[in-house]
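Chemist: Got protein_3.cif for you, mmCIF, C-alpha atoms:
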data_work
#
loop_
_atom_site.label_atom_id
_atom_site.label_comp_id
_atom_site.auth_asym_id
_atom_site.auth_seq_id
_atom_site.Cartn_x
_atom_site.Cartn_y
_atom_site.Cartn_z
CA MET A 1 -21.03 9.33 -8.16
CA LYS A 2 -21.03 5.89 -9.72
CA LEU A 3 -17.83 4.49 -11.18
CA ARG A 4 -19.74 4.32 -14.47
CA GLU A 5 -19.93 8.15 -14.50
CA VAL A 6 -16.21 8.39 -13.68
CA LYS A 7 -15.59 6.20 -16.72
CA GLU A 8 -17.72 8.48 -18.91
CA ILE A 9 -16.18 11.73 -17.63
CA LEU A 10 -12.67 10.40 -18.26
CA GLU A 11 -13.61 8.57 -21.49
CA ALA A 12 -11.89 5.70 -19.77
CA GLU A 13 -11.20 2.17 -20.87
CA VAL A 14 -12.15 -0.55 -18.39
CA PHE A 15 -9.43 -3.18 -18.02
CA VAL A 16 -10.95 -4.89 -14.97
CA GLY A 17 -14.32 -4.48 -13.23
CA HIS A 18 -16.99 -4.20 -15.92
CA ASP A 19 -19.35 -5.72 -13.37
CA GLN A 20 -18.43 -3.21 -10.63
CA LEU A 21 -19.30 0.05 -12.41
CA ASP A 22 -22.29 0.70 -10.11
CA MET A 23 -19.94 1.20 -7.16
CA GLU A 24 -20.29 4.64 -5.47
CA VAL A 25 -17.21 6.85 -5.10
CA LYS A 26 -16.91 10.27 -3.47
CA THR A 27 -13.18 10.87 -2.95
CA ALA A 28 -9.87 10.42 -4.74
CA PHE A 29 -6.11 10.54 -4.23
CA GLY A 30 -3.51 11.01 -6.93
CA ALA A 31 0.20 10.09 -6.79
CA ASP A 32 2.85 8.02 -8.52
CA LEU A 33 4.65 7.33 -5.30
CA MET A 34 3.15 4.29 -3.56
CA SER A 35 4.70 5.27 -0.22
CA ASP A 36 2.73 8.53 -0.37
CA VAL A 37 -0.41 6.62 -1.31
CA LEU A 38 0.15 4.45 1.78
CA ALA A 39 0.66 7.51 3.95
CA PHE A 40 -2.28 9.59 2.77
CA ALA A 41 -4.94 7.72 0.79
CA LYS A 42 -8.15 6.73 2.54
CA ALA A 43 -10.26 3.61 2.17
CA GLY A 44 -12.98 3.79 -0.47
CA SER A 45 -11.19 6.42 -2.58
CA LEU A 46 -10.24 6.35 -6.23
CA LEU A 47 -6.50 6.11 -6.87
CA LEU A 48 -5.28 8.20 -9.82
CA THR A 49 -1.77 7.18 -10.83
CA GLY A 50 0.69 6.94 -13.68
CA LEU A 51 2.29 3.81 -12.27
CA THR A 52 1.37 0.61 -14.12
CA ASN A 53 3.05 -2.22 -12.20
CA PRO A 54 1.34 -4.75 -9.89
CA GLN A 55 2.39 -2.82 -6.77
CA VAL A 56 -0.36 -0.32 -7.62
CA VAL A 57 -2.89 -3.11 -7.14
CA ARG A 58 -1.22 -4.49 -3.99
CA THR A 59 -1.09 -1.02 -2.47
CA SER A 60 -4.76 -0.51 -3.36
CA ASP A 61 -5.69 -3.83 -1.77
CA VAL A 62 -3.87 -2.97 1.46
CA LEU A 63 -5.70 0.38 1.65
CA ASP A 64 -9.14 -0.79 0.44
CA ILE A 65 -8.95 1.60 -2.51
CA ALA A 66 -12.25 1.50 -4.43
CA ALA A 67 -10.84 1.63 -7.96
CA ILE A 68 -7.62 2.47 -9.81
CA ILE A 69 -7.47 4.97 -12.68
CA ILE A 70 -4.26 4.82 -14.71
CA VAL A 71 -3.62 8.22 -16.30
CA ARG A 72 -1.66 9.58 -19.29
CA GLY A 73 -2.82 6.81 -21.62
CA LYS A 74 -0.49 4.26 -20.06
CA ARG A 75 -1.34 0.58 -20.37
CA PRO A 76 -1.20 -1.58 -17.25
CA LEU A 77 1.17 -4.55 -17.37
CA ILE A 78 -0.50 -7.92 -17.87
CA GLU A 79 0.54 -8.95 -14.32
CA THR A 80 -1.20 -5.82 -13.06
CA ILE A 81 -4.43 -6.73 -14.84
CA LEU A 82 -4.30 -10.32 -13.56
CA LEU A 83 -3.73 -9.20 -9.97
CA ALA A 84 -6.58 -6.67 -10.18
CA GLU A 85 -8.85 -9.46 -11.42
CA GLU A 86 -7.75 -11.74 -8.60
CA LEU A 87 -8.28 -9.07 -5.94
CA LYS A 88 -11.47 -7.75 -7.63
CA ILE A 89 -10.26 -4.15 -7.82
CA PRO A 90 -11.61 -2.19 -10.83
CA LEU A 91 -8.80 -0.95 -13.09
CA LEU A 92 -9.49 1.81 -15.62
CA GLY A 93 -7.31 3.81 -17.96
CA THR A 94 -7.69 7.35 -19.29
CA ARG A 95 -5.74 9.36 -21.82
CA TYR A 96 -6.08 12.52 -19.69
CA ILE A 97 -3.01 13.61 -17.75
CA LEU A 98 -3.16 13.47 -13.94
CA PHE A 99 -3.97 17.18 -13.61
CA GLU A 100 -6.83 16.99 -16.12
CA THR A 101 -8.12 13.74 -14.65
CA ALA A 102 -8.27 15.26 -11.17
CA GLY A 103 -9.76 18.53 -12.46
CA ARG A 104 -12.52 16.84 -14.44
CA LEU A 105 -13.51 14.65 -11.50
CA TYR A 106 -13.39 17.60 -9.08
CA ALA A 107 -15.63 19.63 -11.38
CA HIS A 108 -18.16 16.80 -11.09
CA GLY A 109 -18.06 16.69 -7.28
CA ILE A 110 -15.31 14.20 -6.44
CA VAL A 111 -13.07 15.68 -3.73
CA GLY A 112 -9.68 14.79 -2.30
CA CYS A 113 -9.65 12.07 0.36
CA VAL A 114 -7.72 14.59 2.43
CA GLU A 115 -7.85 18.30 1.55
CA ARG A 116 -4.37 19.04 2.79
CA VAL A 117 -2.02 17.40 5.23
CA ALA A 118 -2.01 18.67 8.78
CA GLU A 119 1.02 20.44 10.17
CA LYS A 120 1.38 17.52 12.55
CA ARG A 121 0.19 14.61 10.50
CA ASP A 122 -2.57 12.35 11.70
CA PHE A 123 -1.79 8.87 10.48
CA SER A 124 -4.87 7.21 11.93
CA MET B 1 -2.35 -16.06 21.88
CA ILE B 2 -5.14 -16.97 19.51
CA TYR B 3 -3.09 -17.21 16.34
CA GLU B 4 0.53 -17.38 15.23
CA ASN B 5 2.01 -17.86 11.78
CA SER B 6 5.23 -17.20 9.94
CA PHE B 7 5.51 -16.22 6.27
CA LEU B 8 8.64 -16.33 4.13
CA VAL B 9 9.45 -13.31 1.96
CA GLU B 10 11.74 -13.52 -1.03
CA GLY B 11 14.43 -10.85 -1.06
CA LYS B 12 15.73 -8.64 -3.88
CA THR B 13 12.67 -9.21 -6.06
CA PHE B 14 9.23 -7.64 -6.39
CA LYS B 15 7.74 -10.75 -7.99
CA ASN B 16 5.52 -11.55 -5.01
CA ALA B 17 5.83 -8.25 -3.17
CA GLY B 18 2.74 -7.66 -1.08
CA HIS B 19 1.54 -11.23 -1.18
CA VAL B 20 2.19 -11.80 2.54
CA SER B 21 0.50 -8.51 3.42
CA SER B 22 -2.64 -9.53 1.51
CA GLN B 23 -2.68 -12.84 3.43
CA VAL B 24 -2.22 -11.06 6.78
CA LYS B 25 -4.98 -8.63 5.90
CA ASN B 26 -7.39 -11.44 4.96
CA LEU B 27 -6.63 -13.36 8.17
CA LEU B 28 -7.24 -10.30 10.36
CA GLN B 29 -10.46 -9.50 8.52
CA LYS B 30 -11.70 -13.03 9.17
CA MET B 31 -10.82 -12.58 12.85
CA LYS B 32 -13.24 -9.63 12.87
CA PHE B 33 -10.84 -6.89 13.88
CA SER B 34 -12.10 -3.38 13.08
CA LYS B 35 -11.46 -1.98 9.60
CA GLU B 36 -9.08 0.61 11.05
CA VAL B 37 -6.99 -1.98 12.92
CA VAL B 38 -6.85 -4.28 9.87
CA ARG B 39 -5.85 -1.35 7.68
CA ARG B 40 -3.03 -0.22 9.97
CA ALA B 41 -1.74 -3.78 10.37
CA ALA B 42 -1.87 -4.28 6.60
CA ILE B 43 0.01 -1.03 5.93
CA VAL B 44 2.87 -1.73 8.36
CA THR B 45 3.17 -5.33 7.11
CA TYR B 46 3.23 -4.13 3.52
CA GLU B 47 5.91 -1.48 4.13
CA ALA B 48 8.02 -4.06 6.00
CA GLU B 49 7.52 -6.60 3.22
CA ILE B 50 8.47 -4.04 0.57
CA ASN B 51 11.66 -3.33 2.54
CA ILE B 52 12.60 -7.02 2.48
CA CYS B 53 11.79 -7.25 -1.24
CA SER B 54 13.86 -4.11 -1.84
CA TYR B 55 16.95 -4.61 0.26
CA ALA B 56 17.29 -8.01 1.94
CA GLU B 57 18.50 -11.39 0.71
CA ARG B 58 15.54 -13.09 2.36
CA GLY B 59 13.24 -12.58 5.29
CA LYS B 60 10.20 -13.66 7.22
CA ILE B 61 7.18 -11.99 8.69
CA ILE B 62 5.75 -13.38 11.90
CA LEU B 63 2.17 -12.61 12.82
CA ARG B 64 1.01 -13.09 16.41
CA VAL B 65 -2.55 -12.25 17.23
CA LYS B 66 -4.16 -11.76 20.62
CA PRO B 67 -7.64 -10.34 21.12
CA GLU B 68 -6.19 -7.07 22.39
CA GLU B 69 -3.22 -6.64 20.05
CA ILE B 70 -1.57 -7.70 16.82
CA ASN B 71 2.17 -8.22 16.89
CA ILE B 72 4.04 -8.26 13.59
CA GLU B 73 7.75 -8.99 13.31
CA ALA B 74 9.78 -8.64 10.12
CA ILE B 75 13.17 -10.31 10.32
CA ASP B 76 15.55 -10.28 7.39
CA GLU B 77 19.02 -11.40 6.40
CA GLY B 78 20.69 -8.71 4.40
CA GLN B 79 22.76 -5.59 4.34
CA GLY B 80 21.29 -4.10 7.51
CA ILE B 81 21.04 -0.40 8.32
CA ALA B 82 24.14 1.52 9.39
CA ASP B 83 22.41 4.59 10.83
CA ILE B 84 18.89 3.81 12.06
CA GLU B 85 18.18 7.38 13.14
CA LEU B 86 18.97 8.61 9.62
CA ALA B 87 16.96 5.79 8.01
CA MET B 88 13.93 6.79 10.10
CA GLU B 89 14.00 10.31 8.66
CA GLU B 90 11.36 10.99 6.05
CA GLY B 91 12.97 11.36 2.66
CA TYR B 92 16.21 9.54 3.44
CA SER B 93 16.63 6.59 1.11
CA THR B 94 19.26 4.28 -0.33
CA ALA B 95 16.89 2.95 -3.00
CA THR B 96 18.12 1.70 -6.35
CA PRO B 97 16.40 2.78 -9.61
CA LYS B 98 14.59 -0.61 -9.67
CA ILE B 99 12.94 0.14 -6.33
CA VAL B 100 11.99 3.67 -7.39
CA HIS B 101 10.53 2.26 -10.61
CA MET B 102 8.13 0.18 -8.50
CA GLY B 103 6.85 3.33 -6.75
CA PHE B 104 8.85 3.03 -3.55
CA GLY B 105 12.19 4.14 -2.17
CA ALA B 106 11.15 7.68 -1.34
CA GLY B 107 12.32 7.33 2.22
CA MET B 108 8.82 7.08 3.68
CA GLY B 109 8.67 3.38 4.62
CA LEU B 110 10.06 3.28 8.14
CA ALA B 111 8.44 6.60 9.02
CA ASN B 112 5.08 5.26 7.81
CA ILE B 113 5.55 2.07 9.83
CA LYS B 114 6.32 4.06 12.98
CA ARG B 115 3.30 6.30 12.57
CA PHE B 116 0.80 3.54 11.87
CA SER B 117 2.07 1.34 14.76
CA ASP B 118 1.25 1.77 18.44
CA VAL B 119 4.66 0.34 19.31
CA PHE B 120 7.59 0.17 16.90
CA ARG B 121 11.03 -1.27 17.60
CA ILE B 122 13.90 -1.57 15.16
CA THR B 123 17.32 -3.16 15.53
CA SER B 124 19.84 -3.78 12.79
CA GLU B 125 23.33 -5.07 12.28
CA VAL B 126 25.29 -4.11 9.18
CA GLY B 127 25.99 -7.14 7.02
CA LYS B 128 23.58 -9.32 9.00
CA GLY B 129 20.07 -7.96 8.79
CA THR B 130 17.25 -5.96 10.29
CA HIS B 131 14.56 -6.79 12.81
CA LEU B 132 11.33 -4.79 13.01
CA GLU B 133 8.62 -5.27 15.59
CA MET B 134 5.27 -3.56 15.24
CA ILE B 135 2.33 -3.71 17.63
CA ILE B 136 -1.16 -2.58 16.68
CA ARG B 137 -3.60 -2.40 19.59
CA ALA B 138 -7.12 -3.52 18.82
#
Kindly present the structure from the file in structure tokens form.

Modeler:
Amino acid sequence: MKLREVKEILEAEVFVGHDQLDMEVKTAFGADLMSDVLAFAKAGSLLLTGLTNPQVVRTSDVLDIAAIIIVRGKRPLIETILLAEELKIPLLGTRYILFETAGRLYAHGIVGCVERVAEKRDFS
Amino acid sequence: MIYENSFLVEGKTFKNAGHVSSQVKNLLQKMKFSKEVVRRAAIVTYEAEINICSYAERGKIILRVKPEEINIEAIDEGQGIADIELAMEEGYSTATPKIVHMGFGAGMGLANIKRFSDVFRITSEVGKGTHLEMIIRA
């Protein structure tokens, strides 16, 4: 699905990346804990999070996250927006809570970047 | 050795947290390492950098690149770690509310570094600082 459709499904506001809405996304990961994002999220996924500070963008850059969706109607900090612009990572915001955001995307075919963690975790 | 560089990291502040990791990632991308190798190197550098920003007074990250492996050292001056075995356990943390507020301090950092590295060494002296060495094989 294109990021443009994600925006429509979530009635999202685009803070950064108006020119990147034709990007294709297939998977997502949701967490507020950046250490968990680092441990589990895969490159090319959407990141759904309630965290609004610049570390969300740094973490996304390190992992090659496709785009960031800030949930629960939170506004990103200005430093967060500036860093997302600098690193060219689309940053969107939705008023849906994390559960609803994930559910709505899942219903439209976006799946988790990992379904569940293995008993013995593969960190490759 | 095809490349060596050292980057300073400011301690006890998140102002520039992750800046060194972004630079390391860009350098390795330009050197044409595989996406997977760049990603693993970037993750371990980032976790190490976040640790310095969280706990140390100051630190540096040294990047040494050879065609067959990437060696990353994170050396800090700071409080050090009293019980390394305990600190390596997932979920063990001494994080302050400020660190948690930034999305870290869940006790995953060192465990993540170990898992994403091919070789991981850690030494620490209480009151002096901590030394991490990570090797990622290309």

Chemist: (-20.9, 0.3, -9.6) in this file's frame - what residues fall within 8 Å of it? Use all atoms listed in the file and give the answer as a list in words.

Modeler: Lys2, Leu3, Arg4, Asp19, Gln20, Leu21, Asp22, Met23 and Glu24 of chain A

Chemist: Find the residues near region 20-34 of chain B: any atom within 12 Å, counting only C-alpha atoms, skip ones fewer than 3 places away on the same chain, and give them as JSON, numbers by chain.

Modeler: {"A": [55, 57, 58, 59, 60, 61, 62, 63, 64, 83, 86, 87], "B": [2, 3, 4, 5, 6, 7, 8, 9, 10, 15, 16, 17, 37, 38, 39, 40, 41, 42, 43, 44, 45, 46, 47, 48, 49, 50, 52, 53, 59, 60, 61, 62, 63, 64, 65, 66, 67, 68, 69, 70, 71, 72, 74, 136, 137, 138]}

Chemist: Would you output that residue set with C-alpha atoms, as an mmCIF file, in the frame of the given file?

Modeler:
data_model
loop_
_atom_site.group_PDB
_atom_site.id
_atom_site.type_symbol
_atom_site.label_atom_id
_atom_site.label_comp_id
_atom_site.auth_asym_id
_atom_site.auth_seq_id
_atom_site.Cartn_x
_atom_site.Cartn_y
_atom_site.Cartn_z
ATOM 1 C CA GLN A 55 2.390 -2.820 -6.770
ATOM 2 C CA VAL A 57 -2.890 -3.110 -7.140
ATOM 3 C CA ARG A 58 -1.220 -4.490 -3.990
ATOM 4 C CA THR A 59 -1.090 -1.020 -2.470
ATOM 5 C CA SER A 60 -4.760 -0.510 -3.360
ATOM 6 C CA ASP A 61 -5.690 -3.830 -1.770
ATOM 7 C CA VAL A 62 -3.870 -2.970 1.460
ATOM 8 C CA LEU A 63 -5.700 0.380 1.650
ATOM 9 C CA ASP A 64 -9.140 -0.790 0.440
ATOM 10 C CA LEU A 83 -3.730 -9.200 -9.970
ATOM 11 C CA GLU A 86 -7.750 -11.740 -8.600
ATOM 12 C CA LEU A 87 -8.280 -9.070 -5.940
ATOM 13 C CA ILE B 2 -5.140 -16.970 19.510
ATOM 14 C CA TYR B 3 -3.090 -17.210 16.340
ATOM 15 C CA GLU B 4 0.530 -17.380 15.230
ATOM 16 C CA ASN B 5 2.010 -17.860 11.780
ATOM 17 C CA SER B 6 5.230 -17.200 9.940
ATOM 18 C CA PHE B 7 5.510 -16.220 6.270
ATOM 19 C CA LEU B 8 8.640 -16.330 4.130
ATOM 20 C CA VAL B 9 9.450 -13.310 1.960
ATOM 21 C CA GLU B 10 11.740 -13.520 -1.030
ATOM 22 C CA LYS B 15 7.740 -10.750 -7.990
ATOM 23 C CA ASN B 16 5.520 -11.550 -5.010
ATOM 24 C CA ALA B 17 5.830 -8.250 -3.170
ATOM 25 C CA VAL B 37 -6.990 -1.980 12.920
ATOM 26 C CA VAL B 38 -6.850 -4.280 9.870
ATOM 27 C CA ARG B 39 -5.850 -1.350 7.680
ATOM 28 C CA ARG B 40 -3.030 -0.220 9.970
ATOM 29 C CA ALA B 41 -1.740 -3.780 10.370
ATOM 30 C CA ALA B 42 -1.870 -4.280 6.600
ATOM 31 C CA ILE B 43 0.010 -1.030 5.930
ATOM 32 C CA VAL B 44 2.870 -1.730 8.360
ATOM 33 C CA THR B 45 3.170 -5.330 7.110
ATOM 34 C CA TYR B 46 3.230 -4.130 3.520
ATOM 35 C CA GLU B 47 5.910 -1.480 4.130
ATOM 36 C CA ALA B 48 8.020 -4.060 6.000
ATOM 37 C CA GLU B 49 7.520 -6.600 3.220
ATOM 38 C CA ILE B 50 8.470 -4.040 0.570
ATOM 39 C CA ILE B 52 12.600 -7.020 2.480
ATOM 40 C CA CYS B 53 11.790 -7.250 -1.240
ATOM 41 C CA GLY B 59 13.240 -12.580 5.290
ATOM 42 C CA LYS B 60 10.200 -13.660 7.220
ATOM 43 C CA ILE B 61 7.180 -11.990 8.690
ATOM 44 C CA ILE B 62 5.750 -13.380 11.900
ATOM 45 C CA LEU B 63 2.170 -12.610 12.820
ATOM 46 C CA ARG B 64 1.010 -13.090 16.410
ATOM 47 C CA VAL B 65 -2.550 -12.250 17.230
ATOM 48 C CA LYS B 66 -4.160 -11.760 20.620
ATOM 49 C CA PRO B 67 -7.640 -10.340 21.120
ATOM 50 C CA GLU B 68 -6.190 -7.070 22.390
ATOM 51 C CA GLU B 69 -3.220 -6.640 20.050
ATOM 52 C CA ILE B 70 -1.570 -7.700 16.820
ATOM 53 C CA ASN B 71 2.170 -8.220 16.890
ATOM 54 C CA ILE B 72 4.040 -8.260 13.590
ATOM 55 C CA ALA B 74 9.780 -8.640 10.120
ATOM 56 C CA ILE B 136 -1.160 -2.580 16.680
ATOM 57 C CA ARG B 137 -3.600 -2.400 19.590
ATOM 58 C CA ALA B 138 -7.120 -3.520 18.820
#

Chemist: Applying the PyMOL selection byres ((chain B) within 7 of (chain A)) to the file I just gave you, which residues come out? Please list them as an MDAnalysis selection string.

Modeler: chainID B and resid 18 22 39 42:43 102:104 106 108:109 112 115:116

Chemist: Hey, what comes out of the PyMOL selection byres ((chain B and resi 84) around 10) on this file? Could you write it as a ChimeraX atom specification?

Modeler: /B:80-83,85-89,110,122-125

Chemist: Would you write out, as a list in words, every residue that the PyMOL selection byres ((chain B and resi 58) around 6) captures in this file?

Modeler: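 Evaluating the PyMOL selection byres ((chain B and resi 58) around 6) on this file yields Glu10, Gly11, Ala56, Glu57, Gly59, Asp76 and Glu77 of chain B.
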
Chemist: Work out how far CA of Phe29 (chain A) is from CA of Arg72 (chain A), in Å to one decimal.

Modeler: 15.7 Å

Chemist: Which distance in Å separates CA of Thr27 (chain A) and CA of Ile110 (chain A), to one decimal?

Modeler: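 Computing the Euclidean distance for CA of Thr27 (chain A) and CA of Ile110 (chain A) yields 5.3 Å.
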
Chemist: Counting all atoms listed in the file, which of A:Ile78, A:Lys88, A:Leu48, A:Met1 gets nearest to His18 (chain A)?

Modeler: A:Lys88
